[in-house]
Every structure is written in structure tokens, then in C-alpha cells.
Amino acid sequence: MSQATALDGFRAEVRTRFQRVADQHGHSVRGDRDEAEGLYPKPIWDALCEGKAIGAPIPPENGGLGLGLTGIAAVIEELAAADIGDMLPILNTMVAVPLTKYASDSLKSEVLPAVATGERRMVFAVTERDAGSNVFAAKTRAVADGDHFVLSGQKDYISAVDLADAILVLARTTSLEDCRRKGLNESAGLSLFLVDRDSPGLEFERLSLPRFRSVTQYALKMDEVRVPANRLVGAAGFGALPVLDALNVERILIPALVLGATRWLLDLSIEHVKKRRVFGDVPLGRYQAVQHPLAETFLRAEGLRRLLDHATATYDSGANPFEVSLPTSAARFAAVEVAEAGLNAAGDALGTRGFEPDIGLLGFAQLVRVFKSIPVSTPVLLNFVAEHHLGLPRSS
């Protein structure tokens, strides 16, 4: 069986599974969670774990399906197309995929089989309040101490910490000041550590920010958290490359989420305008003012699909993170435009029905705005492309 055939069968399987969850549980899994227990909706996670769908990008030797980023992108898209999309599978993959590439064999053997089955969940902690999109300005420190590293500092706007068993934390093993004194590039001295969420000295505090379905934002505080040296992912001081790799993963999977959500909005809007009659006995969908925005959204989504296919294929080919950065940047940039077009077209087609809780256009509008800021803001994305792919002077 060819890889393409296997992926087609896999996509059809997960589509059926997620649609079944949506049909059976409806609004109960669309953002609801037990606030007292902080639980991720069980029907969604069970569907993700069934058949190791969540382990699609993990190699078979580590307990996964070996379908690469192409496979998990299909999972994310179909999840959103069933209106049960969520960020937790994306965050989990942002850690799992770099682990498959940069972690030691012993760490992969310890962690990845449980990730592939959904028994273990992980999230990524890079952002600091004063550093923002400039990950090189991170101040969280990691100091070697025998067979451990000691981490101290704070991360902000970290998603789903409460739902994770472990957190991949970016810290400096060499301060930025020391790097500059030694004439090193500002990307030097960064290291990645897989830290258990229940480690002594690690605390997290929920931030008063809007939640996207089950995922909330936290401040992560570390006060001399001792991490075994074998939890270092990659070599000490060379964490910049795995970080770029993880950001490429996010730049691929967020467009996959947008694509799935846009499919759902289009299906819902088309069904509505075919049936809805406002002026006489003419269906709303007969009017060009309604048709054209929907058709434009469909075409934009088709373009995004091709960008996404190219980005996943480039990533799965083993290209280095810099080579991958152009197709992933293109997909991330197009995804925002597709999301905005889909939101506006659905809003016009659905009218006041779009504000009903089971539709949730307002929640989607909030998410569209968030997508302009993560994993990097659109201006930062454009700066990166201008400098590294157009050869223009570094933006100031």
C-alpha cells in the first residue's frame, strides 16, 4: 500500500470517528470542561487516542503510526471540520515531533510510546512577557548542577499547562549577555528541557484571558526546579534549531485547524442559504451577494490546502527547519486570510443565527484575531520573510 493510499484511508477513518463524536455529544464537547476538575472533554480525547490518531507523527519504533506531520495535519483538520477542533493536539505535537528528532534514544523510549497512545500529554513553554516574539531574549535560566540542571524563571501565556503531564521549557544555559561578550550569535546558549508538571518548585497560575474551548492560558513559575540532565532535548546551548522546528509544526497545524473550521462554516452556511427564504419563495443562496463571498472563501480554502500539502510534504521530506520556514510561513499567512473570509462569509449568510451558542461565530472571531499573533505575529512573520527569503536588510 502506498503512503498516499494509507493517508487517504487514515483520513477517512478519523473523519468518521470525529463526526460520530460530534453527532453523539454535540455542544457538550464544543468548549465545555469540568471547571472543578479541569478535564479535557473525554469523548474528544478518546477519539484522538483510538487507533493512535494522536500518535500519527511518531515513528513506529517509538509506538506511533509513522504518518509524519502530514498525518497529524489530517487529524487536526478533520477534528475542526466536525466542529470539535481544539489546540491541545497541536500543542502536544509541537513537543512530540521535536522529541522524535532531537531527544536521546532513552528519552524517546521513555516518553513517546505513552504520547502515541494518549496516556501522556505535553505542552510547549517558550514565551516570556518581556521577550514576546523574540525568543532569543528569554531570561529563564538553567544552571548545570551535577547530573541535573536547575531551572529558574517565568513563562507567560502558556497554553493548557493544567492538562499536561510534561512541559518542554526553553531556558538559557548561557546568558544573552555572556553570548554577546563571547561574540556568539544571540541564538546561542538556548536549551530545551522536558519538565514534569508536578516537579517541586514549579507552579502555574491561570491568566484572565479568553479560553479557546478547553485550552486556557497560564503563567508558569519555576523556582530552582531540578531537572535530570537526561531530560535535556538536544545538546545544551543548541536549542534554537529545535525551537524553530517546533514553530514550523505550529505554523502547519494552525492552518490545518483553520482549513477544517472553514470547511465546517461553509457546509453550515451553504445548507442554511439553500433552505432559508426571506423574500418571497426565493432561497437566500440564489443571490450573488450571498453566493460570491462563499465561493471566494471556498477558493481561498482550496489555495490554503495546496500550501498546506506543500508545507507538510517539505517537512516530512527531512528538509532543515530553515528550508521548511518558507512554505510554513506561506501557509500561516494564508490561513489568517482564509479564516477572516470564512468568518465574514458565514456571518453574512447566517445572519443572527450565527450568534447562537451552537454556532459560535463570536468565538471563532476571537480565534481569528489570536491567529494573527501566534506562533509569531504577522508583522514578525513578514520581517522574517523579508530578511531571510528576500534578502532585504533586517527590519528595525
# chains A, B, ... in the order shown; residues from 1 in each chain; ligands from 1

$ select_by_dssp --residues "segment 120-277 of chain A" --states "helix (DSSP H, G or I)" --output "PyMOL selection string"
chain A and resi 135-137+161-163+176-181+229-231+240-275

$ residues_around --residues "Val123 of chain A" --least-positions-apart "5" --cutoff "10 Å" --atoms "only C-alpha atoms" --output "list in words"
Leu88, Pro89, Ile90, Leu91, Asn92, Thr93, Met94, Val95, Ala96, Ile158, Ser159, Ala160, Val161, Asp162, Leu163, Ala164, Asp165, Ala166, Ile167, Leu168, Val169, Leu194 and Arg197 of chain A

$ residues_around --residues "Val126 of chain A" --least-positions-apart "5" --cutoff "7 Å" --atoms "only C-alpha atoms" --output "PDB file with C-alpha atoms, in the first residue's frame"
ATOM      1  CA  VAL A 135      12.614  34.000  21.843  1.00  0.00           C
ATOM      2  CA  LYS A 155       6.996  31.791  31.225  1.00  0.00           C
ATOM      3  CA  VAL A 169      10.699  24.511  28.512  1.00  0.00           C
ATOM      4  CA  LEU A 170      13.113  26.833  26.726  1.00  0.00           C
TER       5      LEU A 170
END

$ select_by_dssp --residues "segment 30-201 of chain A" --states "strand (DSSP E)" --output "PyMOL selection string"
chain A and resi 122-125+141-145+148-159+166-172+190-196

$ residues_around --residues "Arg11 of chain A" --least-positions-apart "2" --cutoff "8 Å" --atoms "only C-alpha atoms" --output "PDB file with C-alpha atoms, in the first residue's frame"
ATOM      1  CA  LEU A   7      -3.143   8.518   4.373  1.00  0.00           C
ATOM      2  CA  ASP A   8      -6.433   8.587   2.453  1.00  0.00           C
ATOM      3  CA  GLY A   9      -7.707   5.632   4.448  1.00  0.00           C
ATOM      4  CA  GLU A  13     -11.254   6.769   9.374  1.00  0.00           C
ATOM      5  CA  VAL A  14     -10.637   9.781  11.609  1.00  0.00           C
ATOM      6  CA  ARG A  15     -13.305  11.819   9.762  1.00  0.00           C
ATOM      7  CA  GLY A  71      -0.879  12.520   9.169  1.00  0.00           C
ATOM      8  CA  ALA A  74      -5.195  15.448   8.650  1.00  0.00           C
ATOM      9  CA  VAL A  75      -6.255  14.692  12.230  1.00  0.00           C
ATOM     10  CA  GLU A  78     -10.902  16.595  10.459  1.00  0.00           C
TER      11      GLU A  78
END

$ closest_residue --among "A:Thr173, A:Thr70, A:Ser329, A:Ser317" --to "Leu247 of chain A" --atoms "only C-alpha atoms"
A:Ser329

$ residues_around --residues "Ser325 of chain A" --least-positions-apart "3" --cutoff "12 Å" --atoms "only C-alpha atoms" --output "ChimeraX atom specification"
/A:241,244-252,310-312,314-315,319-322,328-333,381-382,384-385,388-389

$ write_last_selection --atoms "N, CA and C atoms" --output "PDB file, in the first residue's frame"
ATOM      1  N   LEU A 241      17.537  25.521  17.048  1.00  0.00           N
ATOM      2  CA  LEU A 241      17.060  24.750  15.905  1.00  0.00           C
ATOM      3  C   LEU A 241      15.804  23.945  16.247  1.00  0.00           C
ATOM      4  N   LEU A 244      12.845  26.377  16.371  1.00  0.00           N
ATOM      5  CA  LEU A 244      12.353  26.728  15.040  1.00  0.00           C
ATOM      6  C   LEU A 244      11.561  25.570  14.446  1.00  0.00           C
ATOM      7  N   ASP A 245      12.024  24.361  14.698  1.00  0.00           N
ATOM      8  CA  ASP A 245      11.313  23.174  14.236  1.00  0.00           C
ATOM      9  C   ASP A 245       9.906  23.131  14.832  1.00  0.00           C
ATOM     10  N   ALA A 246       9.805  23.363  16.131  1.00  0.00           N
ATOM     11  CA  ALA A 246       8.502  23.332  16.803  1.00  0.00           C
ATOM     12  C   ALA A 246       7.581  24.431  16.289  1.00  0.00           C
ATOM     13  N   LEU A 247       8.138  25.604  16.023  1.00  0.00           N
ATOM     14  CA  LEU A 247       7.326  26.699  15.484  1.00  0.00           C
ATOM     15  C   LEU A 247       6.851  26.376  14.069  1.00  0.00           C
ATOM     16  N   ASN A 248       7.674  25.667  13.295  1.00  0.00           N
ATOM     17  CA  ASN A 248       7.225  25.225  11.977  1.00  0.00           C
ATOM     18  C   ASN A 248       6.049  24.263  12.097  1.00  0.00           C
ATOM     19  N   VAL A 249       6.103  23.397  13.095  1.00  0.00           N
ATOM     20  CA  VAL A 249       4.988  22.474  13.343  1.00  0.00           C
ATOM     21  C   VAL A 249       3.712  23.266  13.606  1.00  0.00           C
ATOM     22  N   GLU A 250       3.808  24.295  14.445  1.00  0.00           N
ATOM     23  CA  GLU A 250       2.624  25.096  14.763  1.00  0.00           C
ATOM     24  C   GLU A 250       2.137  25.855  13.539  1.00  0.00           C
ATOM     25  N   ARG A 251       3.074  26.354  12.708  1.00  0.00           N
ATOM     26  CA  ARG A 251       2.693  27.089  11.503  1.00  0.00           C
ATOM     27  C   ARG A 251       2.002  26.187  10.474  1.00  0.00           C
ATOM     28  N   ILE A 252       2.171  24.899  10.603  1.00  0.00           N
ATOM     29  CA  ILE A 252       1.473  23.957   9.737  1.00  0.00           C
ATOM     30  C   ILE A 252       0.129  23.544  10.347  1.00  0.00           C
ATOM     31  N   HIS A 310       1.975  21.266   0.509  1.00  0.00           N
ATOM     32  CA  HIS A 310       3.388  21.512   0.193  1.00  0.00           C
ATOM     33  C   HIS A 310       4.218  21.633   1.470  1.00  0.00           C
ATOM     34  N   ALA A 311       3.675  22.330   2.461  1.00  0.00           N
ATOM     35  CA  ALA A 311       4.405  22.523   3.722  1.00  0.00           C
ATOM     36  C   ALA A 311       4.620  21.194   4.442  1.00  0.00           C
ATOM     37  N   THR A 312       3.581  20.369   4.527  1.00  0.00           N
ATOM     38  CA  THR A 312       3.732  19.085   5.219  1.00  0.00           C
ATOM     39  C   THR A 312       4.682  18.159   4.463  1.00  0.00           C
ATOM     40  N   THR A 314       7.162  19.073   2.529  1.00  0.00           N
ATOM     41  CA  THR A 314       8.524  19.592   2.704  1.00  0.00           C
ATOM     42  C   THR A 314       9.063  19.211   4.076  1.00  0.00           C
ATOM     43  N   TYR A 315       8.226  19.362   5.095  1.00  0.00           N
ATOM     44  CA  TYR A 315       8.649  19.000   6.451  1.00  0.00           C
ATOM     45  C   TYR A 315       8.976  17.512   6.533  1.00  0.00           C
ATOM     46  N   ALA A 319      13.679  18.083   5.192  1.00  0.00           N
ATOM     47  CA  ALA A 319      14.337  19.371   4.944  1.00  0.00           C
ATOM     48  C   ALA A 319      14.664  20.050   6.271  1.00  0.00           C
ATOM     49  N   ASN A 320      15.729  20.860   6.268  1.00  0.00           N
ATOM     50  CA  ASN A 320      16.098  21.532   7.515  1.00  0.00           C
ATOM     51  C   ASN A 320      15.061  22.603   7.864  1.00  0.00           C
ATOM     52  N   PRO A 321      14.974  22.983   9.150  1.00  0.00           N
ATOM     53  CA  PRO A 321      13.928  23.917   9.574  1.00  0.00           C
ATOM     54  C   PRO A 321      13.890  25.226   8.803  1.00  0.00           C
ATOM     55  N   PHE A 322      15.058  25.728   8.364  1.00  0.00           N
ATOM     56  CA  PHE A 322      15.044  26.978   7.603  1.00  0.00           C
ATOM     57  C   PHE A 322      14.370  26.787   6.250  1.00  0.00           C
ATOM     58  N   THR A 328       5.893  26.962   5.389  1.00  0.00           N
ATOM     59  CA  THR A 328       5.072  27.072   6.591  1.00  0.00           C
ATOM     60  C   THR A 328       4.630  28.517   6.822  1.00  0.00           C
ATOM     61  N   SER A 329       5.503  29.477   6.512  1.00  0.00           N
ATOM     62  CA  SER A 329       5.132  30.887   6.642  1.00  0.00           C
ATOM     63  C   SER A 329       4.017  31.242   5.664  1.00  0.00           C
ATOM     64  N   ALA A 330       4.115  30.712   4.440  1.00  0.00           N
ATOM     65  CA  ALA A 330       3.073  30.970   3.443  1.00  0.00           C
ATOM     66  C   ALA A 330       1.730  30.402   3.894  1.00  0.00           C
ATOM     67  N   ALA A 331       1.753  29.190   4.450  1.00  0.00           N
ATOM     68  CA  ALA A 331       0.507  28.574   4.926  1.00  0.00           C
ATOM     69  C   ALA A 331      -0.069  29.356   6.100  1.00  0.00           C
ATOM     70  N   ARG A 332       0.789  29.754   7.029  1.00  0.00           N
ATOM     71  CA  ARG A 332       0.315  30.524   8.189  1.00  0.00           C
ATOM     72  C   ARG A 332      -0.271  31.864   7.747  1.00  0.00           C
ATOM     73  N   PHE A 333       0.373  32.551   6.792  1.00  0.00           N
ATOM     74  CA  PHE A 333      -0.115  33.845   6.317  1.00  0.00           C
ATOM     75  C   PHE A 333      -1.456  33.680   5.615  1.00  0.00           C
ATOM     76  N   LEU A 381       6.370  37.736  11.181  1.00  0.00           N
ATOM     77  CA  LEU A 381       6.448  36.777  10.078  1.00  0.00           C
ATOM     78  C   LEU A 381       6.931  37.463   8.800  1.00  0.00           C
ATOM     79  N   LEU A 382       6.358  38.629   8.509  1.00  0.00           N
ATOM     80  CA  LEU A 382       6.750  39.368   7.309  1.00  0.00           C
ATOM     81  C   LEU A 382       8.192  39.857   7.406  1.00  0.00           C
ATOM     82  N   PHE A 384      10.594  38.338   8.977  1.00  0.00           N
ATOM     83  CA  PHE A 384      11.432  37.148   8.773  1.00  0.00           C
ATOM     84  C   PHE A 384      11.546  36.827   7.281  1.00  0.00           C
ATOM     85  N   VAL A 385      10.424  36.835   6.586  1.00  0.00           N
ATOM     86  CA  VAL A 385      10.436  36.517   5.149  1.00  0.00           C
ATOM     87  C   VAL A 385      11.225  37.566   4.369  1.00  0.00           C
ATOM     88  N   HIS A 388      15.093  36.963   5.377  1.00  0.00           N
ATOM     89  CA  HIS A 388      15.739  35.667   5.083  1.00  0.00           C
ATOM     90  C   HIS A 388      15.386  35.100   3.710  1.00  0.00           C
ATOM     91  N   HIS A 389      14.269  35.515   3.136  1.00  0.00           N
ATOM     92  CA  HIS A 389      13.891  34.950   1.840  1.00  0.00           C
ATOM     93  C   HIS A 389      13.899  35.987   0.708  1.00  0.00           C
TER      94      HIS A 389
END

$ residues_around --residues "Asp46 of chain A" --least-positions-apart "2" --cutoff "12 Å" --atoms "only C-alpha atoms" --output "PyMOL selection string"
chain A and resi 14+17-18+20-21+29+40-44+48-54+117-119

$ write_last_selection --atoms "N, CA and C atoms" --output "CSV table (one decimal), in the first residue's frame"
chain,number,residue,atom,x,y,z
A,14,VAL,N,-10.5,8.8,10.5
A,14,VAL,CA,-10.6,9.8,11.6
A,14,VAL,C,-11.8,10.7,11.4
A,17,ARG,N,-14.8,9.0,12.7
A,17,ARG,CA,-14.7,8.9,14.2
A,17,ARG,C,-15.1,10.2,14.8
A,18,PHE,N,-14.5,11.3,14.3
A,18,PHE,CA,-14.8,12.6,14.9
A,18,PHE,C,-16.2,13.1,14.6
A,20,ARG,N,-18.7,11.1,14.4
A,20,ARG,CA,-19.6,10.4,15.3
A,20,ARG,C,-19.6,11.0,16.7
A,21,VAL,N,-18.4,11.5,17.2
A,21,VAL,CA,-18.3,12.2,18.4
A,21,VAL,C,-19.2,13.5,18.4
A,29,VAL,N,-19.2,18.9,23.9
A,29,VAL,CA,-17.7,18.8,23.8
A,29,VAL,C,-17.2,20.0,23.0
A,40,TYR,N,-10.1,17.7,30.1
A,40,TYR,CA,-10.3,17.9,28.6
A,40,TYR,C,-11.5,17.0,28.3
A,41,PRO,N,-12.4,17.4,27.4
A,41,PRO,CA,-13.5,16.6,27.1
A,41,PRO,C,-13.2,15.2,26.7
A,42,LYS,N,-13.6,14.3,27.5
A,42,LYS,CA,-13.2,12.9,27.3
A,42,LYS,C,-13.6,12.3,26.0
A,43,PRO,N,-14.8,12.6,25.4
A,43,PRO,CA,-15.1,12.0,24.1
A,43,PRO,C,-14.1,12.4,23.0
A,44,ILE,N,-13.6,13.6,23.0
A,44,ILE,CA,-12.7,14.1,22.0
A,44,ILE,C,-11.3,13.3,22.2
A,48,LEU,N,-9.3,10.8,19.8
A,48,LEU,CA,-7.9,11.0,19.3
A,48,LEU,C,-7.0,9.8,19.6
A,49,CYS,N,-7.3,9.2,20.7
A,49,CYS,CA,-6.4,8.0,21.2
A,49,CYS,C,-6.8,6.8,20.4
A,50,GLU,N,-8.0,6.6,19.9
A,50,GLU,CA,-8.4,5.5,19.2
A,50,GLU,C,-7.6,5.3,17.9
A,51,GLY,N,-7.0,4.1,17.8
A,51,GLY,CA,-6.2,3.9,16.6
A,51,GLY,C,-4.9,4.7,16.6
A,52,LYS,N,-4.5,5.3,17.7
A,52,LYS,CA,-3.3,6.1,17.9
A,52,LYS,C,-3.3,7.3,16.9
A,53,ALA,N,-4.5,7.9,16.7
A,53,ALA,CA,-4.5,9.1,15.8
A,53,ALA,C,-3.6,10.2,16.3
A,54,ILE,N,-3.6,10.3,17.7
A,54,ILE,CA,-2.7,11.4,18.2
A,54,ILE,C,-1.2,11.0,18.0
A,117,THR,N,-0.2,6.8,22.4
A,117,THR,CA,-1.5,6.2,22.8
A,117,THR,C,-2.4,7.2,23.6
A,118,GLY,N,-1.8,8.4,23.8
A,118,GLY,CA,-2.6,9.5,24.5
A,118,GLY,C,-2.6,9.4,26.0
A,119,GLU,N,-1.7,8.4,26.6
A,119,GLU,CA,-1.6,8.3,28.0
A,119,GLU,C,-0.8,9.5,28.6

$ residues_around --residues "segment 141-143 of chain A" --least-positions-apart "5" --cutoff "8 Å" --atoms "only C-alpha atoms" --output "list in words"
Phe149, Val150, Leu151, Ser152, Gly153, Ala171, Arg172, Thr173, Thr174 and Ser175 of chain A

$ closest_residue --among "A:Val115, A:Val278, A:Cys179, A:Ala346" --to "Leu362 of chain A" --atoms "only C-alpha atoms"
A:Ala346

$ atom_distance --atom1 "atom CA of Leu257 of chain A" --atom2 "atom CA of Gly85 of chain A"
6.8 Å
